[in-house]
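Just below is one structure, and these are the notes that go with it.
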Amino acid sequence: MEDSNDALKTDAFDVAISTRLKKLLERLLNTLFETFYTIYKSSSSNIRAEGSKNKFYIHLARMILLTLQLLSLIFPPTLPSWESYHWFSSLISYTRFDYLFMTLSIGVIFLYIAAGAVVVPCLFLAYLYIKLYHKKPVKPTNYRITLSLGLKFTRVYAYLPFLCVFFATFKLWLLPENTLFEYDDADTSLIHAQYYGEFTLVLIVLLVALCLFQVMFLYDQYISKAKYDIGTRAHSKLEVFQVLSILVIAGNHFWIHENYPVAHFFITLVLASALSVGYVYYLPYFNVFLNFTHSAAYLTLSWGAFAQIWSYALDNGTMGFGLIVIVTPCLYLLLWEIVKRRVKLIDKSYINLESYGSLWLYELPTRLLVQEYLNIYKKEPEQALMIKEDINSLFRGMAKNYSNKKYVGLWEFAFTYSILKQDNLARIKLSQCRRAAFELEGSFHQYKYSKEIELAFHAYHEEVDFLKFRTMYEKALKFDEKCCDAQLQFWTELACEDLQIEKLEDLGYKLEKVVKKSRKLSKLLIKKYPSNQLALKLFGSFLLEVYNDSNKGNELVSRAEHEKQQFEKKMQTLGEKFNYFDNNNGILIVSGNPENFGNIESMNHIASNTLAIPIRFGLSMNISVFVPPPMNVASIHNKAMQNFILQCKTTEVGLPFSSFFIDYSSFIVEVFLQVRCVALDSYPFFIAAFKKNTKDREVILFDVEGFIISSTRGFAILTGYSDQPMNLKGVYAEMVLPTFNKLRKTYKPEQVIDYVLAGTVNKIFLKFHNHVAGSVTFSLLLATGNEEEKESWLSSMPEVTGFDELIGQEIPAAKEYTAPTYEKKGILKPPRMKSNKDCNVKFDLNPQVSYINETDFKPGKKIIGKEKDATSIQKPKVELEEIHDEEEEDKENTDKPDLVQNSAPVISNSKLIDLKDLDLIAPESYEDPNNLSSASGISGISGEIINIQQEPRKGTSIASSSNSSNASFTSSAVAQILLTGVNRSMFRFKVSFFITTVVVNMAILSMVIYMSVVAGQFQEKVVVKDVTQRRILNSYLALEGRNLYLSAVNYEISDTYETISNNMKADVESYADIVNRASKRLKTWPKGKYRDMYYNSEFMRFKLNDDIIVAETDNLMDLMRNMIEEGNILSATDASNIDNQNPSFFYLLRNGHSETLSALNESIYVLKSEERSMLTSVLNIVLILAVFAICLLIICLIVVLIPTLLSVEYSNQTVWSLFINLPLELIQEMRSRCEERLEQTHGCEPQLLTNIRVFKSLASREKVKAKAKWPRIICKMSIYYASSFLFFILFYFKGFLVYDNLLYTKPIVVDWAGQRVLAVNMVFFWLQEIKHHNQTWSYYNVIPYMRSAISLECELDKAIENLRWAEYYLLYGSVAYLGKSQSHKDLLLDKGCDIAECGFLERGLHSGIEDYIEDVSYARDLILSGQDVSIEDIRAQMKALLQLSTELRDKYISDIGSILDDTTLLIIGLTVAYIVFVLFLYFFVYIPGLNVIQREITSIWTLGRLIPIAHRAKILRTLKNNKLLNKAEKDE
């Protein structure tokens, strides 16, 4: 059992999901249709204002342009023989805008134009779609330029050029070239295809979609509009094929034309030929010349492609040129003749309708016949009728062969609506489109025409207006019932002893929404039908019984009564038989929807009484239940109605005016019946209007065997068979009338029989009547005891028949009413043309009492416009503006608190109000503002019964009968103070919180931007790489100076003199660049220790002046420049001039590794310390901004949020206390009012209060409090605060600390990496000096005194130690993890080169340095022991280590920069996400949430209007006195 229940729940859930999904898809599709309908309206708003001659010339110019643009797709040819005709192809190609711009080398401009022309309409389309989806009002003319003209220009003039420039950009992106074959190798380098290569594919898709939408949706199909708009066409099948064909041809032009020209020409020939033949064969445009021009354009293209193929076959370009230029004009003449002959061939006399193989071929003769009909329908009416019949036969052929196509119904609608001007019949034809299969274009046209027919009707139709009114009225009535039911639930819950406050609040909020919606719908109904007594009475009773607005309610009820009297007088004057708005007529609305075909969708009370069935049971029953045989079978009756819908030529069903119903008790009811078929926006409906026949006669329906099928209620009484109404169904007629069979055989039908009842002297009159329905004969027996009725039988027997006309034969058409030519005024219409049949009925002229559920007024329409007038009789004039929104009045009063009376007390910091204080106030002491008696007693704490003086109810309670404005409750001083306090608190909170959010976001942005920018500038200012590189270059110059000397003295060295000199020149140039950059940057630095070191400090340097060593002092900048200068001199010196006494050689050897190097090292130390202090100050500013933002959040919480919570909570508790402390008697009165309204107005039986335990006294309500609002606000605000603090935490750990660490350690890391390079170089330098220490040109001999190195061995040991420290710090120190990417690790520890054999670097740099130190130490020991050792292998090791160490140093710098960049992107991403999230929270969570809370409080206060005015006055007075009492206690 549980499994079956679960299965049922699952099925129900699946059905609910599918239903919701279906509704969502329908809404999305309808929104799409509404979007393009808006564009259609904006584009066709001035269709008749434009001249057709101007359109003709514009179209001709456009088609010439299109022809040349299409022809350009087969150029340029690749044949060598075409070169002499290259001017021709170029001239044609210039008509394509993209080709023109490309050849002018400004193709990128056209690309931007094309992208904008595609993207901008798409954005506006999306914006319009969103607005329409949310049902916001739009003005079509606002989109005329941005959408209508934009789409038209793109489709008509620029579709092909835009496609070409997008294809060209995409091709350049895939094949990076500066020229394209399609543009005669024009320069396309300005198009940066790499930036939007993929995006061009999106642009192509959007462009094709826009053009498809334009050709499918934005064109006119009305036959009558063809003379105004030459672009009117029947369909867009060929236009869609045209758009897609151009897409294929343009794509082939760019992708296969260059390499496979013949294939491109063949595809072009096939597609263009199909289009050219299609325009001639189907003639989609109503204008023949348009079909010719479109066909000619593609004929030109196909002929050009054929000529190119022929040229390639003969390898003769002259042949192709001649075929295109000479033969094409002849083809135009031939094509024009073919088009004219094609029109002549379409003749109904020579075409067999059954042989049509396409739906579109039916449209061609239909169009020609319609044009012929338009030409002769005034001159030759008889011939026009014949043509009309031929057109209908074509429509029948369409429906027979293509019943599933929407265009069948659309064309028939267009003919009926625009040619025959029959709106109602056109509606029925249009509704048949829903029976066809779904088709995007056809569905849009159905939607468009359903909108058009509502906006531009030809005449007023009462049944259509009635259906619209009935729809609006039933919707308003439904919500009125919901309003009553919601009130009943609210007051019932409020009366419970165990009050559930959460449930009460939900019911209160629901009640406020329903009341507001019900009032809005009633107002809309009044606005649409201002003189309808039913609408007036519904709204008036709502204001009286629900809204307690007696002034306006009584006024509307009086107006309703007045309109009813005027309408009855009008009906008596005109003598009309039927009127759908007459409450004396029964109305049945039967559905034509295939899903519930034949079911009753609506019935009024007259119909309910006539058919003897309650309305709620009669709805959804099939109408055949109430139809006499043989139509009482649902399948037969439904089929008859379906045949009428499919074949109808009029909207009035051809039924006899006098007919029968079979009521739910199976009694015959004789009525005067009129049935019409009506369709609105969806499926058709049958409206049956009837009035019960009041003639004094009874009827039975019997079969051939004499058994009674049905009878009227009084037949048994009239014949003496029974003294009570009796259903004689199934009774043998001989039992009712003993001589029945004898009478039946003796008397003929229609013969009046005088019959004396057996055993009595009473005489009645009988008459038989037979009718045949199919193969069955049914007979009627009429009986009466009235002499006047007998005389009417003798004089003229009215036709009394069934529905046999509906079976198997065409329904007789009723005569259409033709309006006279004089102008109608108001709703007064001329009387109908009287029928020859004697079936006119005199209505009972005595007015009947009407009720709220019955319709008693026909509003009517004018011929022009939509304004409805009740009658021409003068009546009290009441402006609709008087029925304004109380909510708007409350809003105005709330926004203007100064308008409150000055004497009103100010409420501040008071306790909650308990309405038990009502018993402390004597009723006599209260002065009613309306001078009406108020209640004489109220209940106190003890729960005594309230004694209220009551008067007889007249639709409202005694408490609500005061003639007071209903706004008095919300516009009072107390209410204004309360509501204004809530509104102001909420407003202050929103503004303050928004300002806080903005300031915090600005602070966060400032933090991130400042830290990112300063970090970038800090990296630039540090210039760590340059600072470390210059000391390396300084060392290089010393070593290369020694190498130059060794080479000059012919010492064996691996490098030649020229190589060493060139290397030295390169190093000098690099050194000079670094010094120049430093000089420029130092100008921007503030004055301080670091800048003074470069310009104001003094460092020793030594030079050789006339063989004498001279010591001088210079600043750091001059030291570096001197090194550069001496390096330049030495590198340019000839080898023969280099000796011990060379000043440049001496300068480099003496200063390269001594005081100058020490000065450079000192500058690095000062730089790091200065930048550290600067970095600390920068990061402190960031921390200050973060602390400021956090403090601002805390201040907002304390100063703004908490007071707002207190204010809102106080107001919420105060408002709910008004209802929680209401006396039980008042609650019961309100509940009884709801029950009465449900019973009297809606016929519902409300739930009784017997099973509910009610509270006994107000003392039990003292502890009942409303649900607090502050937790909801706190929960939502906690999201903001939690996300804010989470952001600050992430910012600190993922941003601030990372920046601090990287920016601090980067100079250190780079310094040690440079130190490693320097140490490698210095180790070899000192080793080399040790090797040559015994030579005449040794270090000691070149620098005999004032030398920096006391011992060469010590200098070598120091250099080795520096190398070991640098390697250890970079490998194991605190900054060892920085910058170590996988490639860095591989070079450091795995393999030090990319080749197969790396030698000593096979195991990485670290291992190579260890080997290098070991080899250097070993060579030193051998040299010091007196052995001659070659160090060239160590020189090679030194070069390899220098290269790899420099590479790793650069990797450190780049990797650290990458980490900083990634961190910056992460922080910026987090910041942007945080700001977006916060703004989303504010606008989509906080503002709506606060508005909901504010609306809940104010809405519950406005529910006080449901309380009777007299009680409301006491409540307000209690509020006032309670506040005064609190104030007095506070003063004491």
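Following the order of the structure tokens, chains are lettered A, B, ..., residues in each are numbered from 1, and ligands are numbered from 1.
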Distance query stretch 469-484 of chain A at most 10 Å, only C-alpha atoms, self and fewer than 5 positions along chain excluded, as an MDAnalysis selection string: chainID A and resid 463:464 489:490 510:526 528:529 532 534:535 538:539 542 545:546 581 589 602 852:853 855 858:859 1231 1233:1238 1241:1244 1246
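The protein and nucleic acid residues lying at most 9 Å from stretch 725-728 of chain A are Ser665, Ser666, Phe667, Ile700, Ile708, Ile709, Ser710, Ser711, Thr712, Arg713, Gly714, Phe715, Ala716, Ile717, Ala733 and Val736 of chain A, with only C-alpha atoms considered and sequence neighbours fewer than 5 positions away removed.
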Go ahead and save the picked residues with N, CA and C atoms, as a PDB file, in the first residue's frame.
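Full text of result_22.pdb as output:
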```pdb
ATOM      1  N   SER A 665     -33.203  17.157 -14.142  1.00  0.00           N
ATOM      2  CA  SER A 665     -34.214  16.241 -13.595  1.00  0.00           C
ATOM      3  C   SER A 665     -34.953  15.515 -14.688  1.00  0.00           C
ATOM      4  N   SER A 666     -34.468  15.662 -15.953  1.00  0.00           N
ATOM      5  CA  SER A 666     -35.027  14.992 -17.132  1.00  0.00           C
ATOM      6  C   SER A 666     -36.372  15.557 -17.538  1.00  0.00           C
ATOM      7  N   PHE A 667     -36.700  16.777 -17.112  1.00  0.00           N
ATOM      8  CA  PHE A 667     -37.913  17.441 -17.570  1.00  0.00           C
ATOM      9  C   PHE A 667     -37.596  18.260 -18.816  1.00  0.00           C
ATOM     10  N   ILE A 700     -44.803  16.418 -24.114  1.00  0.00           N
ATOM     11  CA  ILE A 700     -44.097  15.155 -23.892  1.00  0.00           C
ATOM     12  C   ILE A 700     -43.408  14.772 -25.196  1.00  0.00           C
ATOM     13  N   ILE A 708     -42.859   7.368 -23.250  1.00  0.00           N
ATOM     14  CA  ILE A 708     -42.487   8.771 -23.067  1.00  0.00           C
ATOM     15  C   ILE A 708     -40.981   8.858 -22.798  1.00  0.00           C
ATOM     16  N   ILE A 709     -40.296   9.698 -23.580  1.00  0.00           N
ATOM     17  CA  ILE A 709     -38.855   9.911 -23.394  1.00  0.00           C
ATOM     18  C   ILE A 709     -38.623  10.996 -22.360  1.00  0.00           C
ATOM     19  N   SER A 710     -39.409  12.060 -22.419  1.00  0.00           N
ATOM     20  CA  SER A 710     -39.303  13.135 -21.451  1.00  0.00           C
ATOM     21  C   SER A 710     -40.577  13.940 -21.504  1.00  0.00           C
ATOM     22  N   SER A 711     -40.785  14.710 -20.424  1.00  0.00           N
ATOM     23  CA  SER A 711     -42.001  15.510 -20.344  1.00  0.00           C
ATOM     24  C   SER A 711     -41.714  16.777 -19.571  1.00  0.00           C
ATOM     25  N   THR A 712     -42.631  17.739 -19.709  1.00  0.00           N
ATOM     26  CA  THR A 712     -42.542  18.935 -18.896  1.00  0.00           C
ATOM     27  C   THR A 712     -43.068  18.634 -17.505  1.00  0.00           C
ATOM     28  N   ARG A 713     -42.781  19.553 -16.591  1.00  0.00           N
ATOM     29  CA  ARG A 713     -43.135  19.301 -15.201  1.00  0.00           C
ATOM     30  C   ARG A 713     -44.648  19.221 -14.978  1.00  0.00           C
ATOM     31  N   GLY A 714     -45.426  19.986 -15.741  1.00  0.00           N
ATOM     32  CA  GLY A 714     -46.862  20.065 -15.463  1.00  0.00           C
ATOM     33  C   GLY A 714     -47.719  19.166 -16.317  1.00  0.00           C
ATOM     34  N   PHE A 715     -47.113  18.325 -17.151  1.00  0.00           N
ATOM     35  CA  PHE A 715     -47.935  17.491 -18.029  1.00  0.00           C
ATOM     36  C   PHE A 715     -48.756  16.494 -17.222  1.00  0.00           C
ATOM     37  N   ALA A 716     -48.165  15.887 -16.210  1.00  0.00           N
ATOM     38  CA  ALA A 716     -48.911  14.903 -15.399  1.00  0.00           C
ATOM     39  C   ALA A 716     -50.057  15.576 -14.661  1.00  0.00           C
ATOM     40  N   ILE A 717     -49.854  16.806 -14.198  1.00  0.00           N
ATOM     41  CA  ILE A 717     -50.919  17.519 -13.490  1.00  0.00           C
ATOM     42  C   ILE A 717     -52.027  17.916 -14.462  1.00  0.00           C
ATOM     43  N   ALA A 733     -47.349   6.017 -22.658  1.00  0.00           N
ATOM     44  CA  ALA A 733     -48.245   7.158 -22.840  1.00  0.00           C
ATOM     45  C   ALA A 733     -49.705   6.774 -22.650  1.00  0.00           C
ATOM     46  N   VAL A 736     -51.014   7.459 -19.227  1.00  0.00           N
ATOM     47  CA  VAL A 736     -51.278   8.852 -18.882  1.00  0.00           C
ATOM     48  C   VAL A 736     -52.566   9.321 -19.563  1.00  0.00           C
TER      49      VAL A 736
END
```
Could you name the residues that touch A:Leu794 at 10 Å or less, counting only C-alpha atoms, but leaving out those on the same chain fewer than 3 positions away, as a PyMOL selection string? chain A and resi 750-752+788-791+797
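When only C-alpha atoms are used to compute distances to A:Lys748, the closest of the residues A:Ala16, A:Met735, A:Leu781, A:Leu425 turns out to be A:Leu781.
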A:Ala1189, A:Ala607, A:Leu301, A:Leu1226 ranked by distance to A:Ala689, top pick (using only C-alpha atoms): A:Ala607
Select, from A:Tyr129, A:Ser84, A:Ser992, A:Tyr157, the residue with the minimum atom-to-atom distance to A:Arg27, counting only C-alpha atoms. A:Tyr129
Distance criterion (only C-alpha atoms): nearest to A:Ile1164 out of A:Asn401, A:Gln1029, A:Thr328, A:Asn1151: A:Gln1029
What is the atom CA of A:Asn1212-atom CA of A:Tyr1281 distance in Å, reported with one decimal? 25.1 Å
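Of the residues listed (A:Phe153, A:Tyr1010, A:Tyr1339, A:Phe626), A:Tyr1010 shows the shortest atom-to-atom separation from A:Phe1296; distances use only C-alpha atoms.
Counting only C-alpha atoms, stretch 559-564 of chain A has the following residues at most 6 Å away, ignoring those fewer than 5 positions along the same chain: Gln533, Leu536 and Lys537 of chain A.
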Could you jot down the atom CA of A:Phe987 to atom CA of A:Asp506 separation for me, Å, one decimal place? 24.8 Å
Please identify all polymer residues within 12 Å of A:Glu734, counting only C-alpha atoms, omitting same-chain residues fewer than 2 positions from it, and present them as a compact mmCIF listing (two decimals) with N, CA, C and O atoms, in the first residue's frame.
```
# COMPACT_ATOMS: atom_id res chain seq x y z
N PHE A 702 -42.19 11.37 -27.12
CA PHE A 702 -42.38 9.92 -27.07
C PHE A 702 -41.83 9.28 -28.33
O PHE A 702 -41.65 9.95 -29.37
N GLU A 705 -43.02 3.56 -30.20
CA GLU A 705 -43.74 2.55 -29.45
C GLU A 705 -44.67 3.14 -28.40
O GLU A 705 -45.35 2.43 -27.70
N GLY A 706 -44.65 4.44 -28.28
CA GLY A 706 -45.55 5.09 -27.36
C GLY A 706 -45.00 5.30 -25.97
O GLY A 706 -45.76 5.67 -25.06
N PHE A 707 -43.71 5.09 -25.76
CA PHE A 707 -43.09 5.33 -24.46
C PHE A 707 -42.59 6.78 -24.40
O PHE A 707 -42.02 7.30 -25.35
N ILE A 708 -42.86 7.37 -23.25
CA ILE A 708 -42.49 8.77 -23.07
C ILE A 708 -40.98 8.86 -22.80
O ILE A 708 -40.46 8.19 -21.90
N THR A 719 -52.94 16.55 -17.26
CA THR A 719 -53.72 15.40 -17.73
C THR A 719 -54.38 14.63 -16.61
O THR A 719 -55.06 13.63 -16.87
N TYR A 721 -52.98 12.83 -14.36
CA TYR A 721 -52.26 11.61 -14.01
C TYR A 721 -51.70 11.70 -12.59
O TYR A 721 -51.56 10.70 -11.91
N LEU A 728 -42.31 11.79 -16.25
CA LEU A 728 -42.97 10.66 -16.91
C LEU A 728 -42.02 9.86 -17.78
O LEU A 728 -42.47 9.09 -18.64
N GLY A 730 -40.07 7.12 -19.39
CA GLY A 730 -40.21 5.68 -19.37
C GLY A 730 -41.63 5.19 -19.18
O GLY A 730 -41.88 3.97 -19.24
N VAL A 731 -42.57 6.10 -18.93
CA VAL A 731 -43.98 5.71 -18.72
C VAL A 731 -44.64 5.51 -20.08
O VAL A 731 -44.41 6.28 -21.02
N TYR A 732 -45.49 4.51 -20.16
CA TYR A 732 -46.23 4.27 -21.40
C TYR A 732 -47.30 5.35 -21.53
O TYR A 732 -48.06 5.63 -20.59
N VAL A 736 -51.01 7.46 -19.23
CA VAL A 736 -51.28 8.85 -18.88
C VAL A 736 -52.57 9.32 -19.56
O VAL A 736 -53.43 9.94 -18.94
N LEU A 737 -52.67 9.03 -20.85
CA LEU A 737 -53.87 9.33 -21.62
C LEU A 737 -54.44 8.00 -22.10
O LEU A 737 -53.87 7.36 -23.01
N PRO A 738 -55.51 7.51 -21.53
CA PRO A 738 -56.02 6.17 -21.87
C PRO A 738 -56.29 5.99 -23.36
O PRO A 738 -56.18 4.88 -23.88
N THR A 739 -56.69 7.05 -24.04
CA THR A 739 -57.01 6.93 -25.47
C THR A 739 -55.85 7.44 -26.33
O THR A 739 -56.06 7.91 -27.46
N PHE A 740 -54.62 7.37 -25.81
CA PHE A 740 -53.48 7.96 -26.52
C PHE A 740 -53.29 7.33 -27.89
O PHE A 740 -53.17 8.02 -28.90
N ASN A 741 -53.28 5.97 -27.95
CA ASN A 741 -53.04 5.29 -29.22
C ASN A 741 -54.17 5.55 -30.20
O ASN A 741 -53.93 5.73 -31.41
N LYS A 742 -55.36 5.61 -29.71
CA LYS A 742 -56.50 5.89 -30.59
C LYS A 742 -56.41 7.30 -31.16
O LYS A 742 -56.63 7.52 -32.35
N LEU A 743 -56.08 8.25 -30.31
CA LEU A 743 -55.93 9.63 -30.78
C LEU A 743 -54.81 9.74 -31.79
O LEU A 743 -54.87 10.46 -32.77
N ARG A 744 -53.73 9.00 -31.55
CA ARG A 744 -52.57 9.07 -32.43
C ARG A 744 -52.91 8.55 -33.82
O ARG A 744 -52.40 9.06 -34.82
```
In stretch 1199-1304 of chain A, DSSP alpha helix (DSSP H) residues written as number ranges by chain: A: 1202-1220, 1224-1242, 1270-1291, 1297-1304
Residues near A:Leu71, anyone? I mean within 9 Å using only C-alpha atoms, not counting same-chain ones fewer than 3 positions away, as an mmCIF file with N, CA and C atoms, in the first residue's frame.
```cif
data_model
loop_
_atom_site.group_PDB
_atom_site.id
_atom_site.type_symbol
_atom_site.label_atom_id
_atom_site.label_comp_id
_atom_site.auth_asym_id
_atom_site.auth_seq_id
_atom_site.Cartn_x
_atom_site.Cartn_y
_atom_site.Cartn_z
ATOM 1 N N LEU A 66 22.271 44.325 -54.287
ATOM 2 C CA LEU A 66 22.361 42.922 -53.891
ATOM 3 C C LEU A 66 22.887 42.064 -55.032
ATOM 4 N N THR A 67 22.438 42.333 -56.247
ATOM 5 C CA THR A 67 22.900 41.550 -57.401
ATOM 6 C C THR A 67 24.407 41.677 -57.585
ATOM 7 N N LEU A 68 24.914 42.901 -57.493
ATOM 8 C CA LEU A 68 26.351 43.105 -57.660
ATOM 9 C C LEU A 68 27.131 42.491 -56.501
ATOM 10 N N ILE A 74 31.879 35.389 -56.921
ATOM 11 C CA ILE A 74 32.551 34.509 -57.877
ATOM 12 C C ILE A 74 33.834 35.141 -58.395
ATOM 13 N N PHE A 75 34.180 36.313 -57.856
ATOM 14 C CA PHE A 75 35.434 36.985 -58.219
ATOM 15 C C PHE A 75 36.341 37.015 -56.978
ATOM 16 N N SER A 89 35.964 42.805 -62.441
ATOM 17 C CA SER A 89 35.692 42.114 -61.178
ATOM 18 C C SER A 89 35.908 43.039 -59.988
ATOM 19 N N ILE A 92 32.903 45.446 -59.629
ATOM 20 C CA ILE A 92 31.743 44.779 -59.016
ATOM 21 C C ILE A 92 31.995 44.535 -57.528
ATOM 22 N N SER A 93 33.202 44.152 -57.174
ATOM 23 C CA SER A 93 33.501 43.845 -55.774
ATOM 24 C C SER A 93 33.443 45.076 -54.886
ATOM 25 N N ALA A 297 18.149 38.605 -59.441
ATOM 26 C CA ALA A 297 19.412 38.681 -58.702
ATOM 27 C C ALA A 297 20.105 37.330 -58.664
ATOM 28 N N TYR A 298 19.348 36.276 -58.387
ATOM 29 C CA TYR A 298 19.967 34.956 -58.291
ATOM 30 C C TYR A 298 20.154 34.311 -59.660
ATOM 31 N N THR A 300 21.278 36.127 -62.124
ATOM 32 C CA THR A 300 22.572 36.712 -62.467
ATOM 33 C C THR A 300 23.704 35.945 -61.819
ATOM 34 N N LEU A 301 23.542 35.610 -60.547
ATOM 35 C CA LEU A 301 24.586 34.877 -59.845
ATOM 36 C C LEU A 301 24.781 33.490 -60.437
ATOM 37 N N SER A 302 23.674 32.796 -60.721
ATOM 38 C CA SER A 302 23.804 31.450 -61.291
ATOM 39 C C SER A 302 24.420 31.496 -62.680
ATOM 40 N N GLY A 304 26.452 33.841 -63.777
ATOM 41 C CA GLY A 304 27.861 34.162 -63.596
ATOM 42 C C GLY A 304 28.669 32.947 -63.195
ATOM 43 N N ALA A 305 28.141 32.109 -62.304
ATOM 44 C CA ALA A 305 28.841 30.888 -61.913
ATOM 45 C C ALA A 305 28.977 29.937 -63.095
#
```
Got a sec: who's within 12 Å of A:Leu1503, counting only C-alpha atoms, leaving out chain neighbours fewer than 6 positions off, as an MDAnalysis selection string? chainID A and resid 486:487 490:491 505 507:516 546:548 886:887 966:967 969:970 1215:1216 1218:1219 1495:1497 1512
Output C-alpha atoms for every residue in the selection just made, as a CSV table (one decimal), in the first residue's frame.
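Saved file part.csv follows:
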```
chain,number,residue,atom,x,y,z
A,486,ALA,CA,-9.0,34.5,3.7
A,487,GLN,CA,-10.8,36.8,6.1
A,490,PHE,CA,-7.9,35.0,9.7
A,491,TRP,CA,-10.7,35.9,12.1
A,505,GLU,CA,0.8,36.2,10.7
A,507,LEU,CA,-2.9,34.4,7.3
A,508,GLY,CA,-2.7,38.2,7.8
A,509,TYR,CA,-0.1,38.7,5.1
A,510,LYS,CA,-2.0,36.4,2.7
A,511,LEU,CA,-5.2,38.3,3.5
A,512,GLU,CA,-3.6,41.7,2.8
A,513,LYS,CA,-2.4,40.5,-0.6
A,514,VAL,CA,-5.8,39.0,-1.5
A,515,VAL,CA,-7.7,42.1,-0.4
A,516,LYS,CA,-5.3,44.3,-2.5
A,546,VAL,CA,-15.1,44.1,3.2
A,547,TYR,CA,-13.3,47.5,3.0
A,548,ASN,CA,-15.7,49.4,5.2
A,886,GLU,CA,-6.1,54.0,-0.5
A,887,GLU,CA,-2.6,52.7,-0.5
A,966,ASN,CA,-11.9,54.8,5.0
A,967,ALA,CA,-8.6,56.6,4.9
A,969,PHE,CA,-7.6,54.8,10.0
A,970,THR,CA,-4.3,55.1,8.2
A,1215,VAL,CA,0.6,46.7,15.2
A,1216,TRP,CA,-0.1,43.1,16.0
A,1218,LEU,CA,-4.2,45.8,17.8
A,1219,PHE,CA,-5.5,42.5,16.5
A,1495,ARG,CA,5.4,45.9,3.8
A,1496,GLU,CA,4.3,43.3,6.3
A,1497,ILE,CA,4.1,45.8,9.2
A,1512,ARG,CA,-11.5,51.7,14.8
```
